[in-house]
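Q: Structure file protein.txt, compact mmCIF, C-alpha atoms and all ligand atoms, is pasted below:
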# COMPACT_ATOMS: atom_id res chain seq x y z
CA MET A 189 2.32 -23.32 18.54
CA ASP A 190 1.41 -19.99 17.01
CA THR A 191 -1.60 -19.93 14.87
CA LYS A 192 -0.97 -17.82 11.87
CA ILE A 193 -3.78 -15.71 10.77
CA LEU A 194 -3.90 -14.24 7.38
CA LEU A 195 -5.79 -11.05 7.31
CA ALA A 196 -7.23 -9.52 4.29
CA MET A 197 -6.28 -10.92 1.00
CA VAL A 198 -7.98 -9.21 -1.83
CA MET A 199 -9.36 -10.75 -4.90
CA LEU A 200 -8.98 -7.85 -7.22
CA LEU A 201 -6.43 -5.26 -7.98
CA PHE A 202 -7.36 -1.72 -7.12
CA VAL A 203 -5.02 1.10 -7.88
CA VAL A 204 -5.49 4.81 -7.91
CA LEU A 205 -3.62 7.38 -9.86
CA PHE A 206 -2.88 10.59 -8.06
CA VAL A 207 -1.63 13.96 -9.15
CA GLY A 208 -0.73 17.02 -7.17
CA ALA A 209 -3.73 19.20 -6.51
CA LYS A 210 -2.23 21.98 -8.55
CA ALA A 211 -2.60 19.92 -11.68
CA GLN A 212 -6.34 20.04 -11.14
CA SER A 213 -6.77 23.79 -11.17
CA ALA A 214 -8.42 25.18 -14.28
CA ALA A 215 -5.60 24.45 -16.64
CA PRO A 216 -4.55 27.09 -19.12
CA PRO A 217 -3.44 25.55 -22.41
CA VAL A 218 0.05 24.21 -22.00
CA SER A 219 2.70 25.24 -24.43
CA PRO A 220 5.28 22.68 -25.58
CA HIS A 221 7.58 21.59 -22.76
CA ASP A 222 5.66 23.79 -20.42
CA GLU A 223 5.18 21.07 -17.89
CA ASP A 224 7.32 18.21 -16.76
CA TRP A 225 5.31 15.10 -16.25
CA GLY A 226 7.44 13.04 -13.92
CA TRP A 227 5.94 9.68 -13.04
CA CYS A 228 6.91 8.80 -9.52
CA ILE A 229 7.67 5.11 -9.16
CA THR A 230 7.90 3.57 -5.71
CA SER A 231 10.95 1.42 -6.24
CA ALA A 232 14.03 1.54 -8.44
CA GLY A 233 13.18 -1.92 -9.76
CA ASP A 234 10.27 -0.40 -11.67
CA LYS A 235 12.54 1.91 -13.64
CA PRO A 236 12.92 -0.27 -16.77
CA VAL A 237 9.15 -0.68 -17.06
CA CYS A 238 8.63 3.02 -16.43
CA ASP A 239 11.17 3.90 -19.13
CA GLU A 240 9.23 1.72 -21.56
CA MET A 241 6.06 3.50 -20.61
CA ILE A 242 7.66 6.91 -21.15
CA LYS A 243 8.50 5.90 -24.72
CA ILE A 244 4.86 4.94 -25.27
CA LEU A 245 3.64 8.21 -23.77
CA GLU A 246 5.99 10.19 -25.97
CA GLY A 247 4.67 8.30 -28.96
CA LEU A 248 1.12 9.25 -27.98
CA ASP A 249 2.06 12.91 -27.66
CA PRO A 250 3.59 13.97 -30.97
CA GLU A 251 2.92 17.62 -30.10
CA LYS A 252 5.25 17.16 -27.12
CA SER A 253 2.88 18.99 -24.84
CA HIS A 254 4.65 17.50 -21.83
CA LYS A 255 8.08 16.32 -20.96
CA TYR A 256 7.83 12.81 -19.58
CA SER A 257 10.24 11.21 -17.17
CA CYS A 258 10.47 8.66 -14.36
CA VAL A 259 11.17 9.87 -10.86
CA VAL A 260 12.30 7.18 -8.44
CA GLY A 261 10.81 7.51 -4.96
CA GLU A 262 11.66 5.49 -1.87
CA GLY A 263 8.13 4.18 -1.44
CA PRO A 264 4.54 5.32 -1.79
CA GLU A 265 4.74 8.02 0.84
CA ASP A 266 7.95 9.42 -0.57
CA CYS A 267 6.25 9.62 -3.96
CA MET A 268 3.33 11.50 -2.40
CA LYS A 269 5.82 13.94 -0.91
CA LYS A 270 7.57 14.39 -4.23
CA ILE A 271 4.32 15.03 -6.07
CA SER A 272 3.22 17.43 -3.36
CA ALA A 273 6.55 19.25 -3.60
CA GLY A 274 6.34 19.46 -7.38
CA GLU A 275 9.29 17.12 -7.94
CA ALA A 276 7.00 14.70 -9.74
CA LYS A 277 3.58 15.06 -11.28
CA ILE A 278 1.81 11.77 -11.02
CA GLY A 279 1.94 8.38 -9.37
CA VAL A 280 0.00 5.15 -8.99
CA PHE A 281 -0.88 4.01 -5.49
CA ASP A 282 -2.78 1.29 -3.74
CA GLY A 283 -6.34 2.27 -2.86
CA GLY A 284 -5.39 2.21 0.82
CA ASN A 285 -3.45 5.43 0.32
CA ILE A 286 -6.42 7.54 -0.75
CA ARG A 287 -6.94 9.15 2.60
CA LYS A 288 -3.31 9.91 3.31
CA ALA A 289 -2.69 11.18 -0.22
CA SER A 290 -5.54 13.63 -0.02
CA SER A 291 -5.42 14.75 3.59
CA LYS A 292 -1.68 14.83 4.22
CA TYR A 293 -0.35 15.64 0.76
CA GLN A 294 -3.29 17.38 -0.91
CA LEU A 295 -3.22 15.07 -3.90
CA LYS A 296 -6.25 14.32 -6.01
CA PRO A 297 -7.24 11.00 -7.55
CA VAL A 298 -7.71 11.40 -11.27
CA ARG A 299 -8.17 7.83 -12.44
CA LEU A 300 -9.30 4.64 -10.82
CA GLU A 301 -8.31 1.31 -12.24
CA ILE A 302 -10.61 -1.55 -11.45
CA THR A 303 -9.56 -4.93 -12.67
CA GLY A 304 -12.04 -7.69 -13.14
CA THR A 305 -15.24 -6.03 -11.97
CA SER A 306 -17.52 -3.29 -13.09
CA THR A 307 -18.13 -1.89 -9.62
CA ASP A 308 -15.84 0.32 -7.61
CA LYS A 309 -15.35 -2.05 -4.73
CA TYR A 310 -13.68 -5.28 -3.90
CA TYR A 311 -13.70 -7.65 -1.00
CA SER A 312 -11.08 -8.15 1.66
CA VAL A 313 -10.82 -11.79 2.60
CA GLY A 314 -9.30 -12.96 5.86
CA ILE A 315 -8.05 -16.53 6.03
CA VAL A 316 -7.36 -18.75 9.04
CA LYS A 317 -6.21 -22.33 9.27
CA SER A 318 -9.24 -24.56 9.60
CA ARG A 319 -7.75 -26.61 12.42
CA ASN A 320 -7.31 -23.45 14.48
CA CYS A 321 -10.46 -21.69 13.44
CA PRO A 322 -11.14 -18.94 15.99
CA ARG A 323 -14.53 -18.86 17.72
CA ASN A 324 -14.89 -15.20 16.95
CA LEU A 325 -12.73 -12.26 15.94
CA GLY A 326 -11.88 -11.55 19.57
CA SER A 327 -10.07 -14.86 19.81
CA LEU A 328 -7.61 -13.67 17.17
CA ARG A 329 -5.93 -11.88 20.05
CA GLY A 330 -2.50 -13.25 20.85
CA LYS A 331 -2.23 -14.98 17.48
CA ARG A 332 0.04 -14.26 14.58
CA SER A 333 -1.07 -12.06 11.67
CA CYS A 334 0.14 -11.72 8.09
CA HIS A 335 -0.69 -8.60 6.09
CA SER A 336 -0.11 -7.80 2.45
CA GLY A 337 1.82 -4.77 3.62
CA TYR A 338 1.78 -1.86 6.04
CA GLY A 339 -0.80 0.75 5.05
CA ARG A 340 -2.32 -1.33 2.29
CA SER A 341 -6.08 -1.07 1.97
CA ALA A 342 -7.27 -4.65 2.20
CA GLY A 343 -4.29 -5.91 4.14
CA TRP A 344 -4.12 -3.19 6.73
CA THR A 345 -6.53 -0.25 6.78
CA ILE A 346 -9.78 -2.14 6.32
CA PRO A 347 -9.19 -5.02 8.78
CA LEU A 348 -7.64 -2.78 11.45
CA THR A 349 -10.44 -0.27 11.16
CA PHE A 350 -12.96 -3.06 11.42
CA LEU A 351 -11.35 -4.54 14.53
CA VAL A 352 -11.08 -1.13 16.20
CA ASN A 353 -14.58 0.04 15.28
CA ASN A 354 -16.05 -3.17 16.68
CA ASN A 355 -14.16 -2.78 19.94
CA ILE A 356 -12.19 -5.93 19.32
CA MET A 357 -8.78 -4.29 19.07
CA PRO A 358 -8.07 -1.60 21.66
CA VAL A 359 -6.47 1.61 20.41
CA ILE A 360 -3.07 2.09 22.00
CA THR A 361 -1.68 5.61 21.86
CA SER A 362 1.06 5.69 24.47
CA GLY A 363 4.25 4.72 22.62
CA PRO A 364 6.41 6.49 20.09
CA SER A 365 5.15 4.73 16.95
CA SER A 366 1.84 5.52 15.30
CA ASN A 367 -1.38 4.30 16.91
CA ASP A 368 -2.17 1.70 14.29
CA ILE A 369 1.18 -0.01 14.75
CA GLN A 370 0.99 0.07 18.53
CA SER A 371 -2.56 -1.25 18.55
CA LEU A 372 -1.68 -4.10 16.23
CA LYS A 373 1.39 -5.05 18.24
CA TYR A 374 -0.65 -5.02 21.41
CA PHE A 375 -3.32 -7.25 19.93
CA PHE A 376 -1.30 -9.80 17.98
CA LEU A 377 1.63 -11.80 19.27
CA LYS A 378 3.64 -11.39 16.07
CA SER A 379 2.85 -9.83 12.73
CA CYS A 380 4.22 -9.38 9.28
CA ALA A 381 3.36 -6.05 7.62
CA PRO A 382 6.27 -5.23 5.31
CA THR A 383 7.02 -1.81 3.92
CA ASN A 384 10.11 -0.11 2.59
CA ASP A 385 9.69 2.52 5.30
CA ASN A 386 11.93 1.12 7.99
CA THR A 387 10.18 3.06 10.74
CA LYS A 388 6.80 1.47 9.96
CA ALA A 389 7.61 -2.10 9.02
CA ILE A 390 6.40 -4.81 11.40
CA CYS A 391 8.63 -7.79 10.81
CA SER A 392 8.23 -10.20 13.74
CA ALA A 393 6.29 -12.72 11.62
CA CYS A 394 7.97 -12.01 8.27
CA LYS A 395 10.50 -14.16 6.48
CA ASN A 396 13.17 -11.74 7.58
CA THR A 397 12.23 -10.85 11.11
CA THR A 398 14.71 -7.99 11.44
CA ARG A 399 14.20 -6.12 8.19
CA CYS A 400 11.11 -6.61 6.05
CA THR A 401 10.74 -4.60 2.87
CA GLN A 402 8.73 -5.10 -0.29
CA GLU A 403 11.38 -7.69 -1.10
CA ASP A 404 10.28 -9.89 1.77
CA GLU A 405 8.91 -13.27 0.76
CA TYR A 406 5.83 -12.56 2.84
CA TYR A 407 5.06 -9.24 1.18
CA ASP A 408 1.89 -8.68 -0.85
CA TYR A 409 -1.15 -10.95 -1.18
CA HIS A 410 0.75 -14.04 -2.23
CA GLY A 411 3.31 -13.33 0.48
CA ALA A 412 0.69 -13.06 3.21
CA PHE A 413 -0.75 -16.35 2.05
CA ARG A 414 2.68 -17.89 2.11
CA GLY A 415 3.25 -16.59 5.62
CA LEU A 416 0.12 -18.40 6.70
CA VAL A 417 1.07 -21.66 5.02
CA GLU A 418 4.72 -21.71 6.09
CA ASP A 419 4.03 -21.68 9.78
C1 LIG A 501 17.47 -9.54 6.89
O1 LIG A 501 17.73 -8.33 6.23
C2 LIG A 501 18.95 -7.72 6.60
C3 LIG A 501 19.01 -6.37 5.93
O2 LIG A 501 18.74 -6.44 4.58
C4 LIG A 501 20.09 -8.64 6.21
O3 LIG A 501 21.31 -8.06 6.57
C5 LIG A 501 19.91 -9.98 6.88
O4 LIG A 501 20.90 -10.87 6.44
C6 LIG A 501 18.54 -10.55 6.58
N1 LIG A 501 18.34 -11.76 7.35
C7 LIG A 501 17.93 -12.89 6.81
C8 LIG A 501 17.71 -14.03 7.75
O5 LIG A 501 17.73 -13.01 5.61
Would you give me this structure, written as structure tokens?

A:
Amino acid sequence: MDTKILLAMVMLLFVVLFVGAKAQSAAPPVSPHDEDWGWCITSAGDKPVCDEMIKILEGLDPEKSHKYSCVVGEGPEDCMKKISAGEAKIGVFDGGNIRKASSKYQLKPVRLEITGTSTDKYYSVGIVKSRNCPRNLGSLRGKRSCHSGYGRSAGWTIPLTFLVNNNIMPVITSGPSSNDIQSLKYFFLKSCAPTNDNTKAICSACKNTTRCTQEDEYYDYHGAFRGLVED
């Protein structure tokens, strides 16, 4: 029987707001309607909430110094692209995207939201079933892993980096997909790391093993936990 391993649940929410780097340059005073402030949202399901927010923002800006709107992206990376290309101005992303947002898309974090703590860090927690408790991290090899999502900070970047840096997970670079995906697939028997990006999603241990998006029952922290329990 597969042992399901749940990697990296987090206890606290950690989101980062990014804008295109251009928005950071010494800003001359903006005249009315000078700038469109499109909020990029990462799924169409967020549109009603975003529309509500736009009304609030407009109410807070009686001078109408910006034109607010919601721009629907196909996922976090698509939103980064849109902001970088000037099609949107601002977006909210998981902390795990900081590096990609800044190095690949030249975005800058402008606000950090920390929920429930006064420090700028939170803990990733990995969970295993007690009856199959591994002797050490190396014995996770060949097991099944559940992640909050592909590219997420606590569910992906931090645990993978830890396993690689401690020479537990070998880095595999030979195949067509990115190194992190190949390395994970080499190390674990099956994994669930959902994402709306079809080319990145790892679905072999998800609820839907052929197509796992943010709609998958095993997506996000609660989903990863569920994936562990529903073995
Ligand atoms: C998995 O997702 C695909 C694409 O959305 C869908 O066609 C298929 O029916 C799903 N399979 C299950 C078992 O839900």

Q: Let me see if you get this right: every residue at most 8 Å from ligand LIG 501 (chain A), counting only C-alpha atoms and all ligand atoms, written as a list of chain:residue names.

A: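 These are the residues that qualify: A:Lys395, A:Asn396, A:Thr397, A:Thr398, A:Arg399, A:Cys400.
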
Q: Kindly export the residues of the current selection with C-alpha atoms, as a compact mmCIF listing (two decimals), in the frame of the given file.

A:
# COMPACT_ATOMS: atom_id res chain seq x y z
CA LYS A 395 10.50 -14.16 6.48
CA ASN A 396 13.17 -11.74 7.58
CA THR A 397 12.23 -10.85 11.11
CA THR A 398 14.71 -7.99 11.44
CA ARG A 399 14.20 -6.12 8.19
CA CYS A 400 11.11 -6.61 6.05

Q: Contacts of Cys238 of chain A at 8 Å or less, counting only C-alpha atoms, minus same-chain residues fewer than 2 places along, as a list of chain:residue names?

A: A:Trp227, A:Ile229, A:Asp234, A:Lys235, A:Pro236, A:Glu240, A:Met241, A:Ile242, A:Cys258

Q: Could you work out how far atom CA of Ile302 of chain A lies from atom CA of Ala381 of chain A, giving the answer in Å with one decimal?

A: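 So the answer is 24.1 Å.
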
Q: Do you have the atom CA of Pro264 of chain A-atom CA of Tyr406 of chain A distance handy?

A: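 The value is 18.5 Å.
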
Q: Write out as an NGL selection string each polymer residue whose atoms come within 7 Å of Ile356 of chain A, counting all atoms listed in the file; drop sequence neighbours fewer than 3 positions from it.

A: :A and (326 or 351-352)

Q: Between atom CA of Thr387 of chain A and atom CA of Asp266 of chain A, what distance in Å does the model show, to one decimal?

A: 13.2 Å

Q: Mind checking which residues fall within 12 Å of His335 of chain A, counting all atoms listed in the file, ignoring those fewer than 6 positions away in the same chain, and posting them as number ranges by chain?

A: A: 192-198, 312-315, 341-348, 372, 376, 378-383, 389-394, 400, 402, 404-416

Q: Would you save the residues from that selection as an mmCIF file, keeping the file's coordinate frame, using C-alpha atoms?

A:
data_model
loop_
_atom_site.group_PDB
_atom_site.id
_atom_site.type_symbol
_atom_site.label_atom_id
_atom_site.label_comp_id
_atom_site.auth_asym_id
_atom_site.auth_seq_id
_atom_site.Cartn_x
_atom_site.Cartn_y
_atom_site.Cartn_z
ATOM 1 C CA LYS A 192 -0.970 -17.820 11.870
ATOM 2 C CA ILE A 193 -3.780 -15.710 10.770
ATOM 3 C CA LEU A 194 -3.900 -14.240 7.380
ATOM 4 C CA LEU A 195 -5.790 -11.050 7.310
ATOM 5 C CA ALA A 196 -7.230 -9.520 4.290
ATOM 6 C CA MET A 197 -6.280 -10.920 1.000
ATOM 7 C CA VAL A 198 -7.980 -9.210 -1.830
ATOM 8 C CA SER A 312 -11.080 -8.150 1.660
ATOM 9 C CA VAL A 313 -10.820 -11.790 2.600
ATOM 10 C CA GLY A 314 -9.300 -12.960 5.860
ATOM 11 C CA ILE A 315 -8.050 -16.530 6.030
ATOM 12 C CA SER A 341 -6.080 -1.070 1.970
ATOM 13 C CA ALA A 342 -7.270 -4.650 2.200
ATOM 14 C CA GLY A 343 -4.290 -5.910 4.140
ATOM 15 C CA TRP A 344 -4.120 -3.190 6.730
ATOM 16 C CA THR A 345 -6.530 -0.250 6.780
ATOM 17 C CA ILE A 346 -9.780 -2.140 6.320
ATOM 18 C CA PRO A 347 -9.190 -5.020 8.780
ATOM 19 C CA LEU A 348 -7.640 -2.780 11.450
ATOM 20 C CA LEU A 372 -1.680 -4.100 16.230
ATOM 21 C CA PHE A 376 -1.300 -9.800 17.980
ATOM 22 C CA LYS A 378 3.640 -11.390 16.070
ATOM 23 C CA SER A 379 2.850 -9.830 12.730
ATOM 24 C CA CYS A 380 4.220 -9.380 9.280
ATOM 25 C CA ALA A 381 3.360 -6.050 7.620
ATOM 26 C CA PRO A 382 6.270 -5.230 5.310
ATOM 27 C CA THR A 383 7.020 -1.810 3.920
ATOM 28 C CA ALA A 389 7.610 -2.100 9.020
ATOM 29 C CA ILE A 390 6.400 -4.810 11.400
ATOM 30 C CA CYS A 391 8.630 -7.790 10.810
ATOM 31 C CA SER A 392 8.230 -10.200 13.740
ATOM 32 C CA ALA A 393 6.290 -12.720 11.620
ATOM 33 C CA CYS A 394 7.970 -12.010 8.270
ATOM 34 C CA CYS A 400 11.110 -6.610 6.050
ATOM 35 C CA GLN A 402 8.730 -5.100 -0.290
ATOM 36 C CA ASP A 404 10.280 -9.890 1.770
ATOM 37 C CA GLU A 405 8.910 -13.270 0.760
ATOM 38 C CA TYR A 406 5.830 -12.560 2.840
ATOM 39 C CA TYR A 407 5.060 -9.240 1.180
ATOM 40 C CA ASP A 408 1.890 -8.680 -0.850
ATOM 41 C CA TYR A 409 -1.150 -10.950 -1.180
ATOM 42 C CA HIS A 410 0.750 -14.040 -2.230
ATOM 43 C CA GLY A 411 3.310 -13.330 0.480
ATOM 44 C CA ALA A 412 0.690 -13.060 3.210
ATOM 45 C CA PHE A 413 -0.750 -16.350 2.050
ATOM 46 C CA ARG A 414 2.680 -17.890 2.110
ATOM 47 C CA GLY A 415 3.250 -16.590 5.620
ATOM 48 C CA LEU A 416 0.120 -18.400 6.700
#

Q: Skip Ala273 of chain A itself and residues of its chain fewer than 3 positions away, then list as a count of residues only all residues within 9 Å of it, counting all atoms listed in the file.

A: 6

Q: Given all atoms listed in the file as the basis, pick out the residue of A:Thr401, A:Ser333, A:Ser253, A:Ser318 nearest to Phe375 of chain A.

A: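 Nearest to Phe375 of chain A: A:Ser333.
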
Q: For a cut-off of 9 Å around (10.8, 6.6, 2.1), file coordinates, pick out all residues using all atoms listed in the file and list them as a compact mmCIF listing (two decimals) with C-alpha atoms, in the coordinates of the input.

A:
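Result file is point_19.txt:
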# COMPACT_ATOMS: atom_id res chain seq x y z
CA THR A 230 7.90 3.57 -5.71
CA GLY A 261 10.81 7.51 -4.96
CA GLU A 262 11.66 5.49 -1.87
CA GLY A 263 8.13 4.18 -1.44
CA PRO A 264 4.54 5.32 -1.79
CA GLU A 265 4.74 8.02 0.84
CA ASP A 266 7.95 9.42 -0.57
CA CYS A 267 6.25 9.62 -3.96
CA ASN A 384 10.11 -0.11 2.59
CA ASP A 385 9.69 2.52 5.30
CA ASN A 386 11.93 1.12 7.99
